[in-house]
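What follows is the content of protein-v5.txt (compact mmCIF, C-alpha atoms and all ligand atoms).
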```txt
# COMPACT_ATOMS: atom_id res chain seq x y z
CA MET A 1 214.25 172.67 192.46
CA THR A 2 217.71 174.10 193.08
CA THR A 3 220.58 172.95 190.88
CA VAL A 4 223.95 172.82 192.60
CA LEU A 5 227.27 172.43 190.80
CA ILE A 6 229.73 170.48 192.97
CA THR A 7 233.35 170.87 191.89
CA GLY A 8 235.37 167.87 193.11
CA GLY A 9 232.07 166.04 193.60
CA ALA A 10 233.63 162.62 193.01
CA GLY A 11 236.01 163.05 195.93
CA PHE A 12 235.71 161.92 199.54
CA ILE A 13 233.73 164.82 201.05
CA GLY A 14 232.30 165.77 197.65
CA SER A 15 230.65 162.38 197.06
CA HIS A 16 229.12 162.29 200.55
CA THR A 17 227.83 165.84 199.99
CA CYS A 18 226.37 164.78 196.61
CA ALA A 19 224.41 162.03 198.35
CA GLU A 20 223.27 164.42 201.11
CA LEU A 21 222.01 167.01 198.60
CA LEU A 22 220.25 164.46 196.38
CA SER A 23 218.56 162.99 199.46
CA HIS A 24 217.25 166.44 200.39
CA GLY A 25 215.70 167.44 197.07
CA TYR A 26 218.56 169.28 195.37
CA ASP A 27 219.52 168.59 191.78
CA VAL A 28 223.26 168.04 191.44
CA ILE A 29 225.79 168.28 188.62
CA VAL A 30 229.48 167.54 189.07
CA ALA A 31 232.74 168.79 187.59
CA ASP A 32 235.77 166.73 188.62
CA ASP A 33 239.13 165.99 186.95
CA PHE A 34 239.30 162.55 188.62
CA SER A 35 242.93 163.13 189.63
CA ASN A 36 242.12 161.76 193.09
CA SER A 37 238.72 160.12 192.53
CA THR A 38 236.77 157.91 190.11
CA PRO A 39 233.45 158.22 188.23
CA GLN A 40 232.53 154.79 189.65
CA VAL A 41 231.37 156.59 192.79
CA PHE A 42 228.26 157.88 191.00
CA GLY A 43 226.76 154.42 190.64
CA ARG A 44 227.10 154.06 194.42
CA ILE A 45 225.44 157.44 194.98
CA GLN A 46 222.49 156.41 192.79
CA GLU A 47 222.22 153.08 194.64
CA LEU A 48 222.25 154.90 197.95
CA THR A 49 219.83 157.74 197.16
CA GLY A 50 217.69 156.34 194.33
CA ARG A 51 218.53 159.52 192.37
CA ARG A 52 221.07 160.21 189.66
CA VAL A 53 223.57 163.03 189.54
CA GLY A 54 222.22 165.12 186.64
CA ALA A 55 225.49 165.28 184.71
CA VAL A 56 229.17 164.60 185.39
CA TYR A 57 231.93 166.42 183.54
CA GLY A 58 235.59 165.51 183.51
CA VAL A 59 236.83 169.06 183.93
CA ASP A 60 240.03 170.61 185.26
CA ILE A 61 238.92 173.51 187.48
CA CYS A 62 241.65 175.63 185.84
CA ASP A 63 240.20 175.02 182.33
CA ARG A 64 238.16 178.17 181.74
CA ARG A 65 236.63 176.97 178.47
CA ALA A 66 235.48 173.63 179.86
CA LEU A 67 234.08 175.23 183.02
CA THR A 68 232.24 177.86 180.96
CA ALA A 69 230.65 175.14 178.85
CA VAL A 70 229.23 173.52 182.00
CA PHE A 71 227.58 176.80 183.05
CA GLU A 72 226.24 177.28 179.53
CA ARG A 73 224.57 173.83 179.58
CA HIS A 74 222.92 174.11 183.00
CA GLN A 75 221.02 176.71 185.02
CA VAL A 76 223.32 176.60 188.05
CA ASP A 77 221.78 178.14 191.20
CA ALA A 78 224.69 177.57 193.60
CA VAL A 79 228.17 176.05 193.70
CA VAL A 80 229.92 173.91 196.33
CA HIS A 81 233.63 174.17 195.59
CA PHE A 82 235.73 171.20 196.77
CA ALA A 83 238.12 170.78 193.82
CA ALA A 84 241.62 171.34 195.21
CA ARG A 85 244.88 169.68 196.10
CA LYS A 86 244.75 168.87 199.82
CA ALA A 87 247.79 167.10 201.27
CA VAL A 88 249.73 169.21 203.76
CA GLY A 89 253.03 167.35 203.36
CA GLU A 90 252.82 167.22 199.55
CA SER A 91 252.19 170.96 199.36
CA THR A 92 255.61 171.66 200.91
CA ARG A 93 257.17 169.72 198.01
CA MET A 94 255.11 171.28 195.16
CA PRO A 95 253.93 174.77 196.19
CA VAL A 96 253.38 176.13 192.67
CA GLU A 97 250.99 173.33 191.75
CA TYR A 98 249.05 173.95 194.97
CA TYR A 99 248.68 177.69 194.33
CA ASP A 100 247.89 177.05 190.67
CA THR A 101 245.07 174.59 191.36
CA ASN A 102 243.70 175.92 194.63
CA VAL A 103 243.94 179.67 194.02
CA GLY A 104 243.92 179.75 190.21
CA GLY A 105 241.08 177.25 190.11
CA THR A 106 239.02 179.32 192.53
CA THR A 107 239.49 182.59 190.63
CA ASN A 108 238.62 180.75 187.41
CA LEU A 109 235.43 179.49 189.02
CA LEU A 110 234.54 182.95 190.39
CA ARG A 111 234.96 184.62 186.99
CA THR A 112 232.80 181.96 185.35
CA MET A 113 230.15 182.29 188.07
CA GLN A 114 230.05 186.08 187.65
CA GLU A 115 229.72 185.79 183.87
CA HIS A 116 226.69 183.51 184.35
CA GLY A 117 225.01 185.41 187.17
CA VAL A 118 225.68 182.71 189.79
CA HIS A 119 226.30 184.30 193.20
CA ARG A 120 225.94 181.56 195.82
CA LEU A 121 229.01 179.62 196.88
CA VAL A 122 229.91 177.20 199.68
CA TYR A 123 233.69 177.05 199.88
CA SER A 124 235.77 174.17 201.20
CA SER A 125 238.30 175.80 203.51
CA SER A 126 240.52 174.31 206.18
CA CYS A 127 241.52 174.60 209.85
CA SER A 128 245.10 174.39 208.63
CA ILE A 129 244.96 178.16 208.01
CA TYR A 130 245.27 178.60 211.82
CA GLY A 131 248.78 177.15 211.71
CA ASP A 132 250.45 176.49 215.04
CA ALA A 133 247.82 178.36 217.08
CA GLY A 134 248.53 176.33 220.23
CA GLY A 135 246.26 174.03 222.22
CA GLY A 136 242.63 174.55 223.11
CA PRO A 137 239.58 175.04 220.90
CA LEU A 138 240.08 177.62 218.14
CA ASP A 139 237.17 179.84 217.06
CA GLU A 140 236.77 181.63 213.74
CA ALA A 141 238.37 184.81 215.09
CA THR A 142 241.68 183.00 215.59
CA PRO A 143 244.28 184.78 213.42
CA ALA A 144 245.26 182.94 210.24
CA ARG A 145 248.93 181.90 210.33
CA PRO A 146 249.32 179.24 207.63
CA THR A 147 252.52 177.18 207.91
CA ASN A 148 252.45 175.37 204.55
CA PRO A 149 251.45 176.09 200.95
CA TYR A 150 248.21 174.10 201.21
CA ALA A 151 247.02 176.16 204.18
CA ALA A 152 248.27 179.39 202.59
CA SER A 153 246.32 178.63 199.41
CA LYS A 154 243.12 178.12 201.42
CA TRP A 155 243.65 181.36 203.34
CA ALA A 156 244.35 183.22 200.08
CA CYS A 157 241.06 181.97 198.64
CA GLU A 158 239.12 183.10 201.71
CA GLN A 159 240.61 186.58 201.32
CA ILE A 160 239.73 186.61 197.61
CA LEU A 161 236.14 185.60 198.43
CA ALA A 162 235.90 188.34 201.05
CA ASP A 163 237.10 190.91 198.48
CA VAL A 164 234.59 189.66 195.90
CA CYS A 165 231.75 189.93 198.46
CA ARG A 166 232.82 193.48 199.31
CA ARG A 167 232.84 194.40 195.61
CA CYS A 168 229.70 192.49 194.58
CA PRO A 169 226.97 192.76 197.25
CA GLU A 170 224.86 190.14 195.46
CA PHE A 171 227.41 187.44 196.33
CA MET A 172 226.59 185.06 199.18
CA VAL A 173 229.49 182.92 200.41
CA VAL A 174 229.85 180.43 203.26
CA ALA A 175 233.41 179.20 203.92
CA LEU A 176 233.59 175.98 205.96
CA ARG A 177 236.90 175.42 207.77
CA TYR A 178 237.12 171.64 208.10
CA PHE A 179 239.18 170.13 210.84
CA ASN A 180 239.75 166.45 210.01
CA PRO A 181 236.85 164.82 208.13
CA VAL A 182 237.12 161.02 208.34
CA GLY A 183 234.91 157.93 208.29
CA ALA A 184 232.46 156.78 205.59
CA HIS A 185 228.76 156.42 204.84
CA PRO A 186 227.40 153.79 207.29
CA SER A 187 226.07 151.74 204.36
CA GLY A 188 229.64 150.91 203.30
CA LEU A 189 228.82 152.14 199.77
CA LEU A 190 230.73 155.42 200.01
CA GLY A 191 234.09 156.08 201.63
CA GLU A 192 237.59 157.43 201.21
CA ASP A 193 239.27 155.87 198.18
CA ALA A 194 242.37 158.00 197.62
CA ARG A 195 244.67 157.33 194.67
CA GLY A 196 247.95 155.62 195.63
CA VAL A 197 249.27 155.49 199.19
CA PRO A 198 247.06 157.70 201.39
CA ALA A 199 248.64 160.85 202.83
CA ASN A 200 246.05 161.05 205.61
CA LEU A 201 245.93 159.05 208.83
CA MET A 202 242.50 157.38 208.71
CA PRO A 203 242.58 155.97 205.15
CA TYR A 204 246.14 154.78 205.80
CA LEU A 205 244.97 152.91 208.92
CA ALA A 206 242.13 151.34 206.93
CA GLN A 207 244.57 150.04 204.32
CA VAL A 208 246.83 148.59 207.03
CA ALA A 209 243.81 146.90 208.61
CA VAL A 210 242.72 145.35 205.29
CA GLY A 211 246.27 144.18 204.54
CA ARG A 212 247.13 146.53 201.67
CA LEU A 213 249.84 148.24 203.76
CA ALA A 214 252.13 146.68 206.37
CA ARG A 215 252.10 149.21 209.19
CA ILE A 216 251.69 152.89 209.87
CA ASP A 217 254.49 155.36 210.56
CA VAL A 218 253.63 157.77 213.37
CA PHE A 219 255.10 161.16 212.43
CA GLY A 220 256.72 162.13 215.72
CA ASP A 221 256.07 161.40 219.39
CA ASP A 222 257.98 164.40 220.76
CA TYR A 223 255.17 166.97 220.65
CA ALA A 224 254.04 168.72 223.84
CA THR A 225 250.85 166.61 224.02
CA ALA A 226 249.65 163.98 226.50
CA ASP A 227 251.27 161.05 224.67
CA GLY A 228 253.71 163.05 222.51
CA THR A 229 251.85 162.46 219.25
CA ALA A 230 250.01 165.21 217.39
CA VAL A 231 246.40 166.03 218.21
CA ARG A 232 243.62 166.70 215.70
CA ASP A 233 239.85 167.24 215.80
CA TYR A 234 238.35 164.38 213.79
CA ILE A 235 234.81 164.89 212.47
CA HIS A 236 232.63 162.31 210.72
CA VAL A 237 232.28 162.92 206.98
CA MET A 238 228.49 162.48 207.34
CA ASP A 239 228.35 165.39 209.81
CA THR A 240 230.55 167.38 207.45
CA ALA A 241 228.28 166.67 204.44
CA ARG A 242 225.18 167.64 206.45
CA ALA A 243 226.81 170.97 207.31
CA HIS A 244 227.26 171.67 203.59
CA ARG A 245 223.58 170.98 202.89
CA ILE A 246 222.55 173.26 205.77
CA ALA A 247 224.92 175.95 204.50
CA LEU A 248 223.10 175.79 201.14
CA ASP A 249 219.67 175.73 202.81
CA ARG A 250 220.60 178.88 204.74
CA ILE A 251 222.91 180.63 202.27
CA ALA A 252 220.33 183.34 201.53
CA ASP A 253 220.05 184.24 205.23
CA ALA A 254 222.41 187.14 204.59
CA PRO A 255 224.51 188.63 201.79
CA GLY A 256 228.28 188.70 202.09
CA MET A 257 230.63 186.09 203.50
CA ARG A 258 230.30 183.92 206.61
CA VAL A 259 232.91 181.54 207.99
CA TYR A 260 232.30 178.47 210.19
CA ASN A 261 234.60 175.88 211.76
CA LEU A 262 233.57 172.25 211.29
CA GLY A 263 234.87 170.05 214.09
CA VAL A 264 233.64 168.24 217.21
CA GLY A 265 235.56 170.35 219.76
CA ARG A 266 237.65 167.45 221.09
CA GLY A 267 241.24 166.58 220.17
CA ARG A 268 242.51 163.04 219.67
CA SER A 269 246.17 162.03 219.36
CA VAL A 270 247.54 159.82 216.61
CA LEU A 271 248.01 156.95 219.09
CA GLU A 272 244.42 157.33 220.31
CA VAL A 273 243.15 157.05 216.73
CA ILE A 274 245.34 154.01 216.09
CA GLU A 275 243.89 152.35 219.20
CA ALA A 276 240.31 153.26 218.21
CA PHE A 277 240.81 151.83 214.73
CA GLY A 278 242.23 148.62 216.20
CA ALA A 279 239.09 148.29 218.33
CA ALA A 280 236.91 148.85 215.24
CA CYS A 281 238.66 146.21 213.09
CA GLY A 282 239.20 143.75 215.94
CA ARG A 283 243.00 143.62 215.91
CA PRO A 284 245.87 145.93 216.85
CA ILE A 285 247.30 148.10 214.08
CA PRO A 286 251.12 147.73 213.77
CA TYR A 287 252.98 151.04 213.90
CA ARG A 288 256.42 152.55 214.43
CA ILE A 289 257.47 156.04 215.53
CA VAL A 290 259.43 158.05 212.95
CA SER A 291 260.41 161.72 212.63
CA ARG A 292 257.93 164.56 212.32
CA ARG A 293 256.35 165.39 208.91
CA PRO A 294 257.24 168.86 207.49
CA GLY A 295 254.31 171.29 207.81
CA ASP A 296 252.64 169.47 210.71
CA VAL A 297 251.61 171.36 213.86
CA PRO A 298 251.19 169.85 217.36
CA GLU A 299 247.48 170.46 217.89
CA LEU A 300 244.38 171.69 216.03
CA VAL A 301 241.02 171.50 217.84
CA ALA A 302 237.84 173.34 216.82
CA ASP A 303 235.47 175.62 218.64
CA ALA A 304 232.52 174.89 216.33
CA THR A 305 229.85 176.62 218.41
CA ALA A 306 229.32 179.33 215.77
CA ALA A 307 227.73 176.81 213.38
CA ALA A 308 225.64 175.46 216.25
CA ARG A 309 224.41 178.96 217.13
CA ALA A 310 223.71 179.93 213.51
CA TRP A 311 222.13 176.73 212.27
CA GLY A 312 221.55 174.43 215.22
CA TRP A 313 224.09 172.08 213.55
CA HIS A 314 225.90 169.64 215.86
CA PRO A 315 228.17 166.71 215.01
CA THR A 316 226.36 163.50 216.00
CA ARG A 317 229.01 160.77 215.60
CA ASP A 318 232.05 159.97 217.76
CA LEU A 319 235.50 158.52 217.02
CA ALA A 320 234.27 154.93 217.38
CA ASP A 321 231.59 155.60 214.71
CA MET A 322 234.22 157.16 212.43
CA CYS A 323 236.54 154.15 212.73
CA GLN A 324 233.73 151.57 212.42
CA ASP A 325 232.31 153.25 209.31
CA ALA A 326 235.74 153.71 207.72
CA TRP A 327 236.57 150.07 208.44
CA ARG A 328 233.23 148.81 207.03
CA PHE A 329 233.84 150.68 203.74
CA GLN A 330 237.41 149.36 203.48
CA ARG A 331 236.41 145.79 204.39
CA LEU A 332 233.60 145.78 201.80
CA ASN A 333 235.77 147.53 199.22
CA PRO A 334 239.32 146.20 199.76
CA ASP A 335 240.43 147.83 196.47
CA GLY A 336 238.30 150.93 196.92
CA TYR A 337 235.75 151.56 194.16
CA ALA A 338 237.78 149.57 191.64
CA ARG A 339 236.19 146.19 190.93
CA ARG A 340 238.29 143.09 191.54
CA GLN A 341 237.54 141.65 188.11
CA PRO A 342 238.28 143.78 185.03
CA VAL A 343 235.20 145.62 183.80
CA LYS A 344 234.11 144.76 180.19
CA ALA A 345 234.54 147.76 177.89
CA ASN A 346 231.19 149.39 177.24
CA ALA A 347 230.39 148.35 173.64
CA ASN A 348 227.99 151.26 173.31
CA ALA A 349 230.51 153.83 174.45
CA LYS A 350 230.98 156.41 171.74
CA ALA A 351 234.66 156.74 170.84
CA ASN A 352 234.69 160.48 171.39
CA ASP A 353 231.73 161.82 173.26
CA SER A 354 231.12 165.23 171.74
CA ARG A 355 230.14 166.70 175.11
CA ILE A 356 232.80 168.50 177.09
CA GLY A 357 234.53 165.58 178.74
CA ALA A 358 231.17 164.21 179.81
CA VAL A 359 231.63 160.86 181.53
CA THR A 360 228.00 159.93 182.22
C1 LIG A 401 246.63 163.71 210.95
C2 LIG A 401 247.70 163.40 211.98
C3 LIG A 401 249.92 163.48 211.08
C4 LIG A 401 249.54 160.06 208.40
C5 LIG A 401 244.26 167.10 207.05
C6 LIG A 401 244.11 167.23 205.58
C7 LIG A 401 243.91 168.64 205.17
C8 LIG A 401 242.97 169.37 206.08
C9 LIG A 401 243.37 169.22 207.53
C10 LIG A 401 240.77 169.62 205.25
C11 LIG A 401 248.91 164.32 211.83
C12 LIG A 401 249.56 162.07 211.54
C13 LIG A 401 249.27 161.07 209.32
C14 LIG A 401 250.47 159.05 208.72
C15 LIG A 401 250.79 160.06 210.87
N1 LIG A 401 241.65 168.91 205.93
N2 LIG A 401 249.88 161.04 210.53
N3 LIG A 401 251.07 159.07 209.95
O1 LIG A 401 247.70 166.72 208.37
O2 LIG A 401 245.79 167.19 209.97
O3 LIG A 401 245.54 167.51 207.45
O4 LIG A 401 243.34 167.82 207.78
O5 LIG A 401 240.99 170.61 204.66
O6 LIG A 401 243.34 168.59 203.88
O7 LIG A 401 245.28 166.75 204.97
O8 LIG A 401 245.64 165.22 208.48
O9 LIG A 401 245.39 162.79 208.38
O10 LIG A 401 247.36 163.86 207.20
O11 LIG A 401 247.29 163.77 209.69
O12 LIG A 401 251.35 160.05 211.98
O13 LIG A 401 250.77 158.13 207.91
O14 LIG A 401 248.18 162.08 211.74
O15 LIG A 401 251.25 163.81 211.43
O16 LIG A 401 249.40 164.60 213.12
P1 LIG A 401 246.25 166.70 208.65
P2 LIG A 401 246.43 163.84 208.36
```
Represent the supplied structure as structure tokens.
Ligand code: WQD
Amino acid sequence: MTTVLITGGAGFIGSHTCAELLSHGYDVIVADDFSNSTPQVFGRIQELTGRRVGAVYGVDICDRRALTAVFERHQVDAVVHFAARKAVGESTRMPVEYYDTNVGGTTNLLRTMQEHGVHRLVYSSSCSIYGDAGGGPLDEATPARPTNPYAASKWACEQILADVCRRCPEFMVVALRYFNPVGAHPSGLLGEDARGVPANLMPYLAQVAVGRLARIDVFGDDYATADGTAVRDYIHVMDTARAHRIALDRIADAPGMRVYNLGVGRGRSVLEVIEAFGAACGRPIPYRIVSRRPGDVPELVADATAAARAWGWHPTRDLADMCQDAWRFQRLNPDGYARRQPVKANANAKANDSRIGAVT
């Protein structure tokens, strides 16, 4: 049995990857600071898979002592590293925090892995490193030209991982450059439950559809695209989670670092997504056009054939599936994972659990 530590495992892609790994025989432990997630997701994962996450630790990825304690308690065989700040627009307003968490957290993790002889890592990277690379599908050889601190932090981490692999031949790293993961588990048990007002398009649409938000602002309709709104390559979170499991299955194929785009190879504009979500929820989504968002680029579409050639991995769900699954989760969980009625305090809860921030 292989034990995988998932940093950020309570988050949107992290929780779906947890469920995917548990369903395919991996043991899973999680370290998450719950800054943009909730431990309540783990009850859903158990309900879905019939298996428990082995241990969950409330850990800041930058806290070297807490992270070390996790590696000392468990024989970790591989790590999937999601924990990061991830909003493009926000990163332009708080660059230091983004570099601190995304780059500092990654180097902290790498040092801790090295000290404990753990050399297998799947890294959550991003298509945003390509910057304004123009239209048309982008393959992994596209030069990195990040245009915001979030993207620059992801590109910096990829370069650090490449240097570590050059220095330590025992390291095996797969970096997955996500385009736009959206949607939810088709059961409606797992989905995107961001803290506060969502920064991303799909969860924002879901909250408009369920009545939590009034309408969506479309950030610009003056781009050189078919309808003037920006184009992205949306990929179902279930296809994204499956790619992470396959990356782990195949991580020992070769030493060193490999990089794969995760997308469907087709761009959709903001207005197309708004229309698709309206079809999924059965009523039009109100919107208004406003000015562009700082850091945005006109178009980002993947050439994801490298992952198909290497692993035989193909995305299997289309935009309608993504909207229907996202809407089902939001409709069944209008307030996200939070329960409507207040939860009774757990009388058995120890006042100060002596474990390192253990939450379950
Ligand atoms: C999509 C489009 C917006 C909100 C995301 C993640 C980032 C990375 C790449 C993984 C853009 C427009 C959005 C709104 C809008 N993923 N929009 N009104 O910016 O492509 O980045 O994917 O690493 O982590 O943030 O995604 O969903 O924010 O925006 O018009 O209220 O929708 O301008 O064109 P983005 P997004």
Site check for ligand LIG 401 (chain A): residues at most 9 Å away, all atoms listed in the file, as a ChimeraX atom specification: /A:85-89,124-128,150-151,154,177-182,198-205,216-221,229-234,269-271,273,289-290,292-300
Within 7 Å of segment 12-27 of chain A, which residues of segment 177-265 of chain A come that close, and what is the closest atom pair and distance in Å for each? Count all atoms listed in the file and give it as a tab-separated table.
```
residue	atom	partner	partner_atom	distance
A:Gly191	CA	A:Phe12	CA	6.4
A:Glu192	CA	A:Phe12	CA	5.1
A:Val237	CA	A:Ile13	CA	6.4
A:Met238	CA	A:His16	CA	6.8
A:Ala241	CA	A:Thr17	CA	4.5
A:Arg242	CA	A:Glu20	CA	6.5
A:His244	CA	A:Thr17	CA	6.9
A:Arg245	CA	A:Leu21	CA	6.1
```
Any chance you could work out the axis-aligned box around segment 196-207 of chain A, listed atoms only, 8 Å on each side, giving centre and edge lengths in Å to one decimal, as AutoDock Vina command-line options?
```
--center_x 245.7 --center_y 155.5 --center_z 202.3 --size_x 23.1 --size_y 27.0 --size_z 29.3
```
Proximity to Asp60 of chain A - best of A:Thr2, A:Asn108, A:Asn148, A:Gln159, all atoms listed in the file: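 The answer is A:Asn108, which sits nearest to Asp60 of chain A.
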Residue neighbourhood Pro143 of chain A, 9 Å, all atoms listed in the file, exclusion window fewer than 5 positions, as a list in words: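 The filter keeps Ile129, Tyr130 and Ala133 of chain A.
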Atom CA of Ala175 of chain A to atom CA of Phe34 of chain A, distance in Å rounded to a single decimal: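 A separation of 23.4 Å between them.
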d(atom CA of Ala209 of chain A, atom CA of Cys281 of chain A) in Å: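 So the answer is 6.9 Å.
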A:Val28, A:Ala306, A:Leu138, A:Ile45 ranked by distance to Tyr57 of chain A, top pick (using only C-alpha atoms): A:Val28
d(atom CA of Ala302 of chain A, atom CA of His81 of chain A) in Å: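 Separation between atom CA of Ala302 of chain A and atom CA of His81 of chain A: 21.7 Å.
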Which residue of A:Thr112, A:Ser35, A:Thr49, A:Ser153 approaches Tyr99 of chain A most closely, using only C-alpha atoms: A:Ser153
Polymer residues at most 9 Å from Ala326 of chain A, only C-alpha atoms, same-chain spacing of 2 or more positions, as a VMD selection string: chain A and resid 182 to 186 188 191 to 192 202 to 203 206 277 321 to 324 328 to 331
Which residue of A:Leu67, A:Val59, A:Val76, A:Ala304 approaches Val264 of chain A most closely, using only C-alpha atoms: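 That would be A:Ala304, the residue with the smallest distance to Val264 of chain A.
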Have segment 260-276 of chain A completed to N, CA and C atoms, please, and pass it along as a CSV table (one decimal), keeping the file's coordinate frame.
```
chain,number,residue,atom,x,y,z
A,260,TYR,N,232.6,179.4,209.1
A,260,TYR,CA,232.3,178.5,210.2
A,260,TYR,C,233.3,177.4,210.3
A,261,ASN,N,233.8,177.1,211.5
A,261,ASN,CA,234.6,175.9,211.8
A,261,ASN,C,233.7,174.6,211.7
A,262,LEU,N,234.3,173.5,211.2
A,262,LEU,CA,233.6,172.2,211.3
A,262,LEU,C,234.5,171.3,212.0
A,263,GLY,N,234.1,171.0,213.3
A,263,GLY,CA,234.9,170.0,214.1
A,263,GLY,C,233.9,169.6,215.2
A,264,VAL,N,234.5,168.7,216.1
A,264,VAL,CA,233.6,168.2,217.2
A,264,VAL,C,234.0,168.9,218.5
A,265,GLY,N,235.2,169.6,218.5
A,265,GLY,CA,235.6,170.4,219.8
A,265,GLY,C,236.4,169.5,220.7
A,266,ARG,N,236.8,168.3,220.2
A,266,ARG,CA,237.6,167.4,221.1
A,266,ARG,C,238.8,166.9,220.3
A,267,GLY,N,240.0,167.0,220.9
A,267,GLY,CA,241.2,166.6,220.2
A,267,GLY,C,241.5,165.1,220.5
A,268,ARG,N,242.1,164.4,219.5
A,268,ARG,CA,242.5,163.0,219.7
A,268,ARG,C,243.9,162.9,219.1
A,269,SER,N,244.8,162.2,219.8
A,269,SER,CA,246.2,162.0,219.4
A,269,SER,C,246.2,160.9,218.3
A,270,VAL,N,247.3,160.9,217.6
A,270,VAL,CA,247.5,159.8,216.6
A,270,VAL,C,247.4,158.4,217.3
A,271,LEU,N,248.1,158.3,218.4
A,271,LEU,CA,248.0,157.0,219.1
A,271,LEU,C,246.6,156.6,219.5
A,272,GLU,N,245.8,157.6,219.9
A,272,GLU,CA,244.4,157.3,220.3
A,272,GLU,C,243.6,156.8,219.1
A,273,VAL,N,243.9,157.4,217.9
A,273,VAL,CA,243.2,157.0,216.7
A,273,VAL,C,243.6,155.6,216.3
A,274,ILE,N,244.9,155.4,216.4
A,274,ILE,CA,245.3,154.0,216.1
A,274,ILE,C,244.7,153.0,217.0
A,275,GLU,N,244.5,153.3,218.3
A,275,GLU,CA,243.9,152.4,219.2
A,275,GLU,C,242.4,152.2,218.9
A,276,ALA,N,241.8,153.3,218.5
A,276,ALA,CA,240.3,153.3,218.2
A,276,ALA,C,240.1,152.4,216.9
```
